[in-house]
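Text of the file final_31.cif, holding mmCIF, C-alpha atoms:
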```
data_structure
loop_
_atom_site.group_PDB
_atom_site.id
_atom_site.type_symbol
_atom_site.label_atom_id
_atom_site.label_comp_id
_atom_site.auth_asym_id
_atom_site.auth_seq_id
_atom_site.Cartn_x
_atom_site.Cartn_y
_atom_site.Cartn_z
ATOM 1 C CA MET S 1 44.398 26.705 -9.109
ATOM 2 C CA SER S 2 45.832 26.614 -12.612
ATOM 3 C CA SER S 3 49.433 25.755 -13.367
ATOM 4 C CA PHE S 4 51.379 27.777 -15.925
ATOM 5 C CA LEU S 5 53.540 26.805 -18.876
ATOM 6 C CA HIS S 6 56.496 29.162 -18.830
ATOM 7 C CA THR S 7 59.145 26.758 -20.167
ATOM 8 C CA GLU S 8 59.426 23.692 -22.382
ATOM 9 C CA ALA S 9 60.043 21.707 -19.193
ATOM 10 C CA ASP S 10 56.691 22.897 -17.810
ATOM 11 C CA LEU S 11 54.971 21.690 -20.980
ATOM 12 C CA ALA S 12 56.740 18.332 -20.869
ATOM 13 C CA ALA S 13 55.752 17.805 -17.236
ATOM 14 C CA GLY S 14 52.168 18.767 -17.978
ATOM 15 C CA MET S 15 52.080 16.425 -20.972
ATOM 16 C CA ALA S 16 53.298 13.507 -18.871
ATOM 17 C CA ALA S 17 50.605 14.219 -16.292
ATOM 18 C CA LEU S 18 47.922 14.553 -18.999
ATOM 19 C CA VAL S 19 48.767 11.244 -20.698
ATOM 20 C CA ALA S 20 48.909 9.477 -17.337
ATOM 21 C CA GLN S 21 45.462 10.880 -16.607
ATOM 22 C CA ASP S 22 44.022 9.793 -19.973
ATOM 23 C CA PRO S 23 46.055 6.992 -21.632
ATOM 24 C CA ARG S 24 44.025 7.411 -24.860
ATOM 25 C CA LEU S 25 46.222 10.429 -25.541
ATOM 26 C CA GLY S 26 49.409 8.347 -25.619
ATOM 27 C CA PRO S 27 49.033 7.403 -29.310
ATOM 28 C CA VAL S 28 48.093 11.016 -30.105
ATOM 29 C CA LEU S 29 51.344 12.215 -28.551
ATOM 30 C CA GLU S 30 53.300 9.481 -30.343
ATOM 31 C CA LYS S 31 51.951 10.665 -33.695
ATOM 32 C CA ALA S 32 52.226 14.393 -32.956
ATOM 33 C CA GLY S 33 55.524 14.459 -31.112
ATOM 34 C CA MET S 34 56.150 16.840 -28.232
ATOM 35 C CA PRO S 35 54.801 20.246 -29.288
ATOM 36 C CA ALA S 36 56.872 23.380 -28.942
ATOM 37 C CA LEU S 37 55.761 25.929 -26.393
ATOM 38 C CA ARG S 38 54.528 29.053 -28.163
ATOM 39 C CA ARG S 39 54.290 32.271 -26.163
ATOM 40 C CA ARG S 40 53.353 35.838 -27.059
ATOM 41 C CA GLU S 41 53.419 39.204 -25.332
ATOM 42 C CA GLY S 42 50.646 39.656 -22.763
ATOM 43 C CA GLY S 43 48.710 42.656 -21.501
ATOM 44 C CA TYR S 44 46.820 45.098 -23.690
ATOM 45 C CA ALA S 45 49.198 44.572 -26.604
ATOM 46 C CA GLY S 46 48.621 40.815 -26.481
ATOM 47 C CA LEU S 47 44.842 41.196 -26.471
ATOM 48 C CA CYS S 48 44.924 43.654 -29.373
ATOM 49 C CA SER S 49 47.162 41.301 -31.329
ATOM 50 C CA ILE S 50 44.622 38.496 -30.947
ATOM 51 C CA VAL S 51 41.695 40.763 -31.830
ATOM 52 C CA CYS S 52 43.559 41.709 -35.025
ATOM 53 C CA GLY S 53 43.661 38.030 -35.954
ATOM 54 C CA GLN S 54 39.983 37.275 -35.454
ATOM 55 C CA GLN S 55 38.479 35.704 -38.604
ATOM 56 C CA LEU S 56 41.538 36.549 -40.730
ATOM 57 C CA SER S 57 44.285 34.567 -42.415
ATOM 58 C CA THR S 58 47.627 34.416 -40.629
ATOM 59 C CA ALA S 59 49.265 36.644 -43.252
ATOM 60 C CA SER S 60 46.541 39.311 -43.197
ATOM 61 C CA ALA S 61 46.486 39.403 -39.402
ATOM 62 C CA ALA S 62 50.275 39.726 -39.224
ATOM 63 C CA ALA S 63 50.265 42.648 -41.662
ATOM 64 C CA ILE S 64 47.617 44.529 -39.698
ATOM 65 C CA ARG S 65 49.370 43.861 -36.393
ATOM 66 C CA ALA S 66 52.641 45.161 -37.807
ATOM 67 C CA ARG S 67 51.010 48.395 -38.985
ATOM 68 C CA LEU S 68 49.169 48.859 -35.683
ATOM 69 C CA PHE S 69 52.237 48.462 -33.489
ATOM 70 C CA ALA S 70 54.349 50.618 -35.785
ATOM 71 C CA ALA S 71 51.762 53.409 -35.631
ATOM 72 C CA PHE S 72 51.678 53.424 -31.816
ATOM 73 C CA ASP S 73 55.157 53.137 -30.352
ATOM 74 C CA PRO S 74 55.166 52.779 -27.400
ATOM 75 C CA PHE S 75 51.907 50.843 -27.527
ATOM 76 C CA HIS S 76 49.656 52.035 -24.692
ATOM 77 C CA HIS S 77 45.944 51.631 -24.050
ATOM 78 C CA ASP S 78 45.368 55.385 -23.554
ATOM 79 C CA THR S 79 47.027 56.295 -26.845
ATOM 80 C CA VAL S 80 45.067 53.714 -28.805
ATOM 81 C CA ARG S 81 41.682 54.289 -27.180
ATOM 82 C CA LEU S 82 41.927 58.037 -27.813
ATOM 83 C CA ALA S 83 43.066 57.651 -31.432
ATOM 84 C CA ARG S 84 40.766 58.703 -34.269
ATOM 85 C CA GLY S 85 38.787 55.876 -35.816
ATOM 86 C CA ASP S 86 39.811 56.840 -39.334
ATOM 87 C CA LYS S 87 43.501 56.521 -38.388
ATOM 88 C CA LEU S 88 42.899 52.994 -37.103
ATOM 89 C CA ALA S 89 40.820 52.131 -40.176
ATOM 90 C CA ARG S 90 43.695 53.132 -42.463
ATOM 91 C CA LEU S 91 45.806 50.495 -40.706
ATOM 92 C CA GLY S 92 43.405 47.833 -41.942
ATOM 93 C CA LEU S 93 41.247 47.395 -38.849
ATOM 94 C CA SER S 94 37.535 46.821 -39.383
ATOM 95 C CA ARG S 95 34.964 48.913 -37.541
ATOM 96 C CA PRO S 96 34.122 46.099 -35.062
ATOM 97 C CA LYS S 97 37.810 45.561 -34.281
ATOM 98 C CA ILE S 98 38.360 49.284 -33.753
ATOM 99 C CA LYS S 99 35.424 49.300 -31.354
ATOM 100 C CA SER S 100 36.843 46.269 -29.557
ATOM 101 C CA ILE S 101 40.386 47.533 -29.016
ATOM 102 C CA LYS S 102 39.072 50.927 -27.909
ATOM 103 C CA ALA S 103 36.627 49.300 -25.491
ATOM 104 C CA ILE S 104 39.352 47.077 -24.023
ATOM 105 C CA GLY S 105 41.598 50.114 -23.613
ATOM 106 C CA ALA S 106 38.803 52.031 -21.883
ATOM 107 C CA ALA S 107 38.123 49.103 -19.541
ATOM 108 C CA ILE S 108 41.791 49.069 -18.505
ATOM 109 C CA ALA S 109 41.909 52.859 -18.079
ATOM 110 C CA LYS S 110 38.770 52.828 -15.894
ATOM 111 C CA ASN S 111 40.061 49.880 -13.829
ATOM 112 C CA HIS S 112 37.189 47.687 -14.957
ATOM 113 C CA ILE S 113 39.759 44.947 -15.490
ATOM 114 C CA ASP S 114 43.239 44.344 -14.113
ATOM 115 C CA LEU S 115 45.194 42.224 -16.560
ATOM 116 C CA ASP S 116 47.917 41.578 -13.983
ATOM 117 C CA ALA S 117 45.251 40.087 -11.694
ATOM 118 C CA VAL S 118 43.830 38.062 -14.583
ATOM 119 C CA ALA S 119 47.265 36.521 -15.080
ATOM 120 C CA ARG S 120 47.074 35.054 -11.573
ATOM 121 C CA MET S 121 43.531 33.651 -11.824
ATOM 122 C CA ASP S 122 42.569 30.068 -12.576
ATOM 123 C CA ALA S 123 41.427 29.391 -16.147
ATOM 124 C CA ASP S 124 37.672 29.598 -15.601
ATOM 125 C CA GLN S 125 37.852 32.753 -13.486
ATOM 126 C CA ALA S 126 40.182 34.467 -15.962
ATOM 127 C CA HIS S 127 37.988 33.379 -18.881
ATOM 128 C CA ALA S 128 34.937 34.969 -17.225
ATOM 129 C CA ALA S 129 36.797 38.211 -16.509
ATOM 130 C CA LEU S 130 37.999 38.525 -20.090
ATOM 131 C CA THR S 131 34.724 37.636 -21.814
ATOM 132 C CA ALA S 132 32.959 40.303 -19.752
ATOM 133 C CA LEU S 133 34.741 42.849 -21.961
ATOM 134 C CA HIS S 134 33.310 44.008 -25.282
ATOM 135 C CA GLY S 135 34.981 42.299 -28.220
ATOM 136 C CA ILE S 136 36.434 39.384 -26.271
ATOM 137 C CA GLY S 137 34.546 36.162 -26.907
ATOM 138 C CA PRO S 138 35.503 32.679 -25.690
ATOM 139 C CA TRP S 139 38.039 31.975 -28.452
ATOM 140 C CA THR S 140 39.897 35.258 -27.950
ATOM 141 C CA ALA S 141 39.964 34.751 -24.179
ATOM 142 C CA ASP S 142 41.279 31.200 -24.462
ATOM 143 C CA ILE S 143 43.980 32.080 -26.993
ATOM 144 C CA TYR S 144 45.105 34.908 -24.705
ATOM 145 C CA LEU S 145 45.191 32.580 -21.687
ATOM 146 C CA LEU S 146 47.137 29.933 -23.585
ATOM 147 C CA PHE S 147 49.648 31.924 -25.588
ATOM 148 C CA CYS S 148 50.052 35.160 -23.625
ATOM 149 C CA LEU S 149 49.727 33.839 -20.067
ATOM 150 C CA GLY S 150 50.679 30.179 -20.532
ATOM 151 C CA ASN S 151 47.683 28.954 -18.529
ATOM 152 C CA ALA S 152 47.888 25.152 -18.472
ATOM 153 C CA ASP S 153 44.122 24.664 -18.131
ATOM 154 C CA ALA S 154 42.721 27.040 -20.767
ATOM 155 C CA TRP S 155 40.686 25.141 -23.348
ATOM 156 C CA PRO S 156 39.907 26.715 -26.771
ATOM 157 C CA ALA S 157 36.708 24.783 -27.360
ATOM 158 C CA GLY S 158 35.803 26.988 -30.320
ATOM 159 C CA ASP S 159 39.023 26.444 -32.257
ATOM 160 C CA LEU S 160 38.531 24.728 -35.629
ATOM 161 C CA ALA S 161 41.948 23.064 -35.762
ATOM 162 C CA VAL S 162 41.580 21.604 -32.262
ATOM 163 C CA GLN S 163 38.052 20.425 -33.055
ATOM 164 C CA GLU S 164 39.199 18.686 -36.228
ATOM 165 C CA ALA S 165 42.201 17.133 -34.477
ATOM 166 C CA VAL S 166 39.928 15.719 -31.774
ATOM 167 C CA ARG S 167 37.628 14.286 -34.443
ATOM 168 C CA LEU S 168 40.524 12.573 -36.162
ATOM 169 C CA ALA S 169 42.171 11.334 -32.971
ATOM 170 C CA PHE S 170 38.991 9.730 -31.665
ATOM 171 C CA ASN S 171 37.555 8.624 -35.049
ATOM 172 C CA MET S 172 34.415 10.716 -34.693
ATOM 173 C CA LYS S 173 31.962 10.860 -37.588
ATOM 174 C CA LYS S 174 31.663 14.649 -37.387
ATOM 175 C CA ARG S 175 33.667 17.450 -35.881
ATOM 176 C CA PRO S 176 32.530 18.225 -32.314
ATOM 177 C CA ASP S 177 31.183 21.727 -31.753
ATOM 178 C CA ALA S 178 32.294 24.035 -28.955
ATOM 179 C CA LYS S 179 29.671 22.769 -26.517
ATOM 180 C CA ALA S 180 30.718 19.144 -27.068
ATOM 181 C CA MET S 181 34.393 20.104 -26.768
ATOM 182 C CA VAL S 182 33.822 21.685 -23.353
ATOM 183 C CA LYS S 183 32.213 18.486 -22.086
ATOM 184 C CA LEU S 184 34.851 16.240 -23.662
ATOM 185 C CA ALA S 185 37.740 18.132 -22.045
ATOM 186 C CA GLU S 186 36.427 17.921 -18.482
ATOM 187 C CA LYS S 187 38.444 14.753 -17.906
ATOM 188 C CA TRP S 188 41.655 16.618 -18.830
ATOM 189 C CA ARG S 189 41.491 19.227 -16.059
ATOM 190 C CA PRO S 190 43.797 20.801 -14.910
ATOM 191 C CA TRP S 191 45.782 20.183 -18.126
ATOM 192 C CA ARG S 192 43.293 21.210 -20.815
ATOM 193 C CA GLY S 193 45.738 23.819 -22.161
ATOM 194 C CA VAL S 194 48.365 21.116 -22.526
ATOM 195 C CA ALA S 195 45.793 19.053 -24.444
ATOM 196 C CA ALA S 196 45.213 22.023 -26.757
ATOM 197 C CA HIS S 197 48.932 22.213 -27.576
ATOM 198 C CA LEU S 198 48.903 18.464 -28.203
ATOM 199 C CA PHE S 199 45.952 18.600 -30.590
ATOM 200 C CA TRP S 200 47.393 21.523 -32.566
ATOM 201 C CA ALA S 201 50.555 19.454 -33.020
ATOM 202 C CA TYR S 202 48.482 16.402 -33.966
ATOM 203 C CA TYR S 203 46.556 18.443 -36.537
ATOM 204 C CA HIS S 204 49.845 19.515 -38.096
ATOM 205 C CA ALA S 205 51.184 15.953 -38.137
ATOM 206 C CA VAL S 206 48.072 14.458 -39.739
ATOM 207 C CA LYS S 207 47.017 17.270 -42.081
ATOM 208 C CA ARG S 208 50.532 18.475 -42.929
ATOM 209 C CA ARG S 209 49.248 21.982 -42.353
ATOM 210 C CA GLU S 210 50.148 24.451 -39.643
ATOM 211 C CA GLY S 211 48.069 23.773 -36.551
ATOM 212 C CA ALA S 212 47.486 27.451 -35.861
ATOM 213 C CA PRO S 213 44.492 28.664 -33.850
ATOM 214 C CA VAL S 214 41.461 29.267 -36.072
ATOM 215 C CA GLN S 215 38.286 30.720 -34.645
ATOM 216 C CA ALA S 216 35.096 28.733 -35.101
ATOM 217 C CA THR S 217 31.519 29.924 -34.708
ATOM 218 C CA TRP S 218 29.925 29.151 -31.365
ATOM 219 C CA PRO S 219 26.328 27.870 -31.148
ATOM 220 C CA ALA S 220 23.604 30.487 -31.313
ATOM 221 C CA VAL S 221 22.722 32.033 -27.960
ATOM 222 C CA THR S 222 19.085 32.059 -26.914
ATOM 223 C CA LYS S 223 17.327 35.034 -25.341
ATOM 224 C CA LYS S 224 17.084 33.041 -22.124
ATOM 225 C CA GLN S 225 20.859 32.513 -22.076
ATOM 226 C CA LYS S 226 21.488 36.200 -22.724
ATOM 227 C CA ALA S 227 19.174 37.118 -19.857
ATOM 228 C CA LYS S 228 21.234 34.895 -17.571
ATOM 229 C CA GLY S 229 24.469 36.456 -18.800
ATOM 230 C CA THR S 230 25.810 33.232 -20.302
ATOM 231 C CA ALA S 231 26.390 34.363 -23.864
ATOM 232 C CA ASN S 232 29.125 32.428 -25.585
ATOM 233 C CA GLY S 233 30.239 35.093 -28.028
ATOM 234 C CA ARG S 234 30.191 38.817 -28.614
#
```
Rendering of file as structure tokens:
Amino acid sequence: MSSFLHTEADLAAGMAALVAQDPRLGPVLEKAGMPALRRREGGYAGLCSIVCGQQLSTASAAAIRARLFAAFDPFHHDTVRLARGDKLARLGLSRPKIKSIKAIGAAIAKNHIDLDAVARMDADQAHAALTALHGIGPWTADIYLLFCLGNADAWPAGDLAVQEAVRLAFNMKKRPDAKAMVKLAEKWRPWRGVAAHLFWAYYHAVKRREGAPVQATWPAVTKKQKAKGTANGR
């Protein structure tokens, strides 16, 4: 069962447990300093906010989010899913993102997913429930679990900043891909989400750039994997 990071004290306790579990992370924490806990709104609004930010700069994503939430106040899945596509497009949303937020809204309306139940699941179970929805790939699911739900074991294996921070911390010749990151983080269960916060802070400390989540491309999915229902992305 996953733990949750609702307060700075929760994060500090999780960090202590993580470093005790893997002492190699002690120097990483010393360089990075204790990261701040970053939380966002959850539910449908939280998912839509993350979808808005897929493959966009922080500034562009923020502008689109602001227009979207201003246009629908209160923000409700029925209102958004029934909105005309051209209205959403004028807010700056691309056609795939419009399809995604409408599909997520429809899934909630038809009780195909219960986001309150997802908030109580362990990381792997919640990840599977979210990625079953159109428009939610692994990165989106993990960012939602980390920042909207505070899940202490969510691991954003496809995040570029975390990948690069891991490469630097462990002196790797090349940046590990998502598949390698999943394997590498097994030893950090049930604190993989804490490790993600640590590596974003480490990235910022080393690169002197904001360690914000940045979506990477997952490995190509074979026809055999698709047939088994194990696709990494959408």
For S:Lys97, please output as a PyMOL selection string all residues within 12 Å (counting all atoms listed in the file; exclusion window: fewer than 2 positions along the same chain).
-> chain S and resi 47-56+61+64-65+68+81+85+88-89+91-95+99-104+134-136+234
Could you dump the residues just selected with C-alpha atoms as a PDB file, in the frame of the given file?
```
ATOM      1  CA  LEU S  47      44.842  41.196 -26.471  1.00  0.00           C
ATOM      2  CA  CYS S  48      44.924  43.654 -29.373  1.00  0.00           C
ATOM      3  CA  SER S  49      47.162  41.301 -31.329  1.00  0.00           C
ATOM      4  CA  ILE S  50      44.622  38.496 -30.947  1.00  0.00           C
ATOM      5  CA  VAL S  51      41.695  40.763 -31.830  1.00  0.00           C
ATOM      6  CA  CYS S  52      43.559  41.709 -35.025  1.00  0.00           C
ATOM      7  CA  GLY S  53      43.661  38.030 -35.954  1.00  0.00           C
ATOM      8  CA  GLN S  54      39.983  37.275 -35.454  1.00  0.00           C
ATOM      9  CA  GLN S  55      38.479  35.704 -38.604  1.00  0.00           C
ATOM     10  CA  LEU S  56      41.538  36.549 -40.730  1.00  0.00           C
ATOM     11  CA  ALA S  61      46.486  39.403 -39.402  1.00  0.00           C
ATOM     12  CA  ILE S  64      47.617  44.529 -39.698  1.00  0.00           C
ATOM     13  CA  ARG S  65      49.370  43.861 -36.393  1.00  0.00           C
ATOM     14  CA  LEU S  68      49.169  48.859 -35.683  1.00  0.00           C
ATOM     15  CA  ARG S  81      41.682  54.289 -27.180  1.00  0.00           C
ATOM     16  CA  GLY S  85      38.787  55.876 -35.816  1.00  0.00           C
ATOM     17  CA  LEU S  88      42.899  52.994 -37.103  1.00  0.00           C
ATOM     18  CA  ALA S  89      40.820  52.131 -40.176  1.00  0.00           C
ATOM     19  CA  LEU S  91      45.806  50.495 -40.706  1.00  0.00           C
ATOM     20  CA  GLY S  92      43.405  47.833 -41.942  1.00  0.00           C
ATOM     21  CA  LEU S  93      41.247  47.395 -38.849  1.00  0.00           C
ATOM     22  CA  SER S  94      37.535  46.821 -39.383  1.00  0.00           C
ATOM     23  CA  ARG S  95      34.964  48.913 -37.541  1.00  0.00           C
ATOM     24  CA  LYS S  99      35.424  49.300 -31.354  1.00  0.00           C
ATOM     25  CA  SER S 100      36.843  46.269 -29.557  1.00  0.00           C
ATOM     26  CA  ILE S 101      40.386  47.533 -29.016  1.00  0.00           C
ATOM     27  CA  LYS S 102      39.072  50.927 -27.909  1.00  0.00           C
ATOM     28  CA  ALA S 103      36.627  49.300 -25.491  1.00  0.00           C
ATOM     29  CA  ILE S 104      39.352  47.077 -24.023  1.00  0.00           C
ATOM     30  CA  HIS S 134      33.310  44.008 -25.282  1.00  0.00           C
ATOM     31  CA  GLY S 135      34.981  42.299 -28.220  1.00  0.00           C
ATOM     32  CA  ILE S 136      36.434  39.384 -26.271  1.00  0.00           C
ATOM     33  CA  ARG S 234      30.191  38.817 -28.614  1.00  0.00           C
TER      34      ARG S 234
END
```
Excluding stretch 20-31 of chain S and any residue of its chain fewer than 6 positions from it, enumerate the residues within 7 Å of it, using only C-alpha atoms, and give them as a list in words.
->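 The filter keeps Ala169, Leu198, Tyr202 and Ala205 of chain S.
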Residues selected by the PyMOL selection byres ((chain S and resi 128) around 10), written as an mmCIF file with C-alpha atoms, in the coordinates of the input:
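Saved file out.cif follows:
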```cif
data_model
loop_
_atom_site.group_PDB
_atom_site.id
_atom_site.type_symbol
_atom_site.label_atom_id
_atom_site.label_comp_id
_atom_site.auth_asym_id
_atom_site.auth_seq_id
_atom_site.Cartn_x
_atom_site.Cartn_y
_atom_site.Cartn_z
ATOM 1 C CA VAL S 118 43.830 38.062 -14.583
ATOM 2 C CA ALA S 123 41.427 29.391 -16.147
ATOM 3 C CA ASP S 124 37.672 29.598 -15.601
ATOM 4 C CA GLN S 125 37.852 32.753 -13.486
ATOM 5 C CA ALA S 126 40.182 34.467 -15.962
ATOM 6 C CA HIS S 127 37.988 33.379 -18.881
ATOM 7 C CA ALA S 129 36.797 38.211 -16.509
ATOM 8 C CA LEU S 130 37.999 38.525 -20.090
ATOM 9 C CA THR S 131 34.724 37.636 -21.814
ATOM 10 C CA ALA S 132 32.959 40.303 -19.752
ATOM 11 C CA LEU S 133 34.741 42.849 -21.961
ATOM 12 C CA GLY S 137 34.546 36.162 -26.907
ATOM 13 C CA PRO S 138 35.503 32.679 -25.690
ATOM 14 C CA ALA S 141 39.964 34.751 -24.179
ATOM 15 C CA THR S 230 25.810 33.232 -20.302
#
```
Residues selected by the PyMOL selection byres ((chain S and resi 35) around 8), written as a list in words | Ala32, Gly33, Met34, Ala36, Leu37, His197, Leu198 and Ala201 of chain S
Separating atom CA of S:Asp177 from atom CA of S:Ser57, to the nearest tenth of an Å, is a gap of 21.2 Å
For the file shown, what are the residues hit by the PyMOL selection byres ((chain S and resi 162) around 12), laid out as a CSV table (one decimal) with C-alpha atoms, keeping the file's coordinate frame?
```csv
chain,number,residue,atom,x,y,z
S,139,TRP,CA,38.0,32.0,-28.5
S,143,ILE,CA,44.0,32.1,-27.0
S,155,TRP,CA,40.7,25.1,-23.3
S,156,PRO,CA,39.9,26.7,-26.8
S,157,ALA,CA,36.7,24.8,-27.4
S,158,GLY,CA,35.8,27.0,-30.3
S,159,ASP,CA,39.0,26.4,-32.3
S,160,LEU,CA,38.5,24.7,-35.6
S,161,ALA,CA,41.9,23.1,-35.8
S,163,GLN,CA,38.1,20.4,-33.1
S,164,GLU,CA,39.2,18.7,-36.2
S,165,ALA,CA,42.2,17.1,-34.5
S,166,VAL,CA,39.9,15.7,-31.8
S,167,ARG,CA,37.6,14.3,-34.4
S,168,LEU,CA,40.5,12.6,-36.2
S,169,ALA,CA,42.2,11.3,-33.0
S,175,ARG,CA,33.7,17.4,-35.9
S,176,PRO,CA,32.5,18.2,-32.3
S,177,ASP,CA,31.2,21.7,-31.8
S,178,ALA,CA,32.3,24.0,-29.0
S,181,MET,CA,34.4,20.1,-26.8
S,182,VAL,CA,33.8,21.7,-23.4
S,185,ALA,CA,37.7,18.1,-22.0
S,192,ARG,CA,43.3,21.2,-20.8
S,193,GLY,CA,45.7,23.8,-22.2
S,194,VAL,CA,48.4,21.1,-22.5
S,195,ALA,CA,45.8,19.1,-24.4
S,196,ALA,CA,45.2,22.0,-26.8
S,197,HIS,CA,48.9,22.2,-27.6
S,198,LEU,CA,48.9,18.5,-28.2
S,199,PHE,CA,46.0,18.6,-30.6
S,200,TRP,CA,47.4,21.5,-32.6
S,201,ALA,CA,50.6,19.5,-33.0
S,202,TYR,CA,48.5,16.4,-34.0
S,203,TYR,CA,46.6,18.4,-36.5
S,204,HIS,CA,49.8,19.5,-38.1
S,210,GLU,CA,50.1,24.5,-39.6
S,211,GLY,CA,48.1,23.8,-36.6
S,212,ALA,CA,47.5,27.5,-35.9
S,213,PRO,CA,44.5,28.7,-33.8
S,214,VAL,CA,41.5,29.3,-36.1
S,215,GLN,CA,38.3,30.7,-34.6
S,216,ALA,CA,35.1,28.7,-35.1
```
Quick one: of S:Leu149, S:Ala45, S:Ala63, S:Leu115, who's nearest to S:Thr7, counting all atoms listed in the file?
-> S:Leu149
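Between atom CA of S:Phe75 and atom CA of S:Leu5 lies a distance of 25.6 Å.
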Do you have the atom CA of S:Thr140-atom CA of S:Lys183 distance handy?
-> 19.4 Å
Selected residue, from S:Trp188, S:Phe170, S:Phe147, S:Phe69, that lies nearest to S:His6 when counting all atoms listed in the file =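 Nearest candidate to S:His6 out of S:Trp188, S:Phe170, S:Phe147, S:Phe69: S:Phe147.
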Give, as AutoDock Vina command-line options, the centre coordinates and the x, y and z edge lengths in Å to one decimal for an axis-aligned box around all listed atoms of stretch 18-29 of chain S, padded by 8 Å on each side.
```
--center_x 47.7 --center_y 10.8 --center_z -23.4 --size_x 23.3 --size_y 23.6 --size_z 29.5
```
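When only C-alpha atoms are used to compute distances to S:His77, the closest of the residues S:Asn111, S:Asn151, S:Ser2, S:Asn171 turns out to be S:Asn111.
Residue nearest S:Gly43 within the list S:Val206, S:Ala180, S:Met121, S:Ile113: S:Ile113 [criterion: smallest interatomic distance, all atoms listed in the file].
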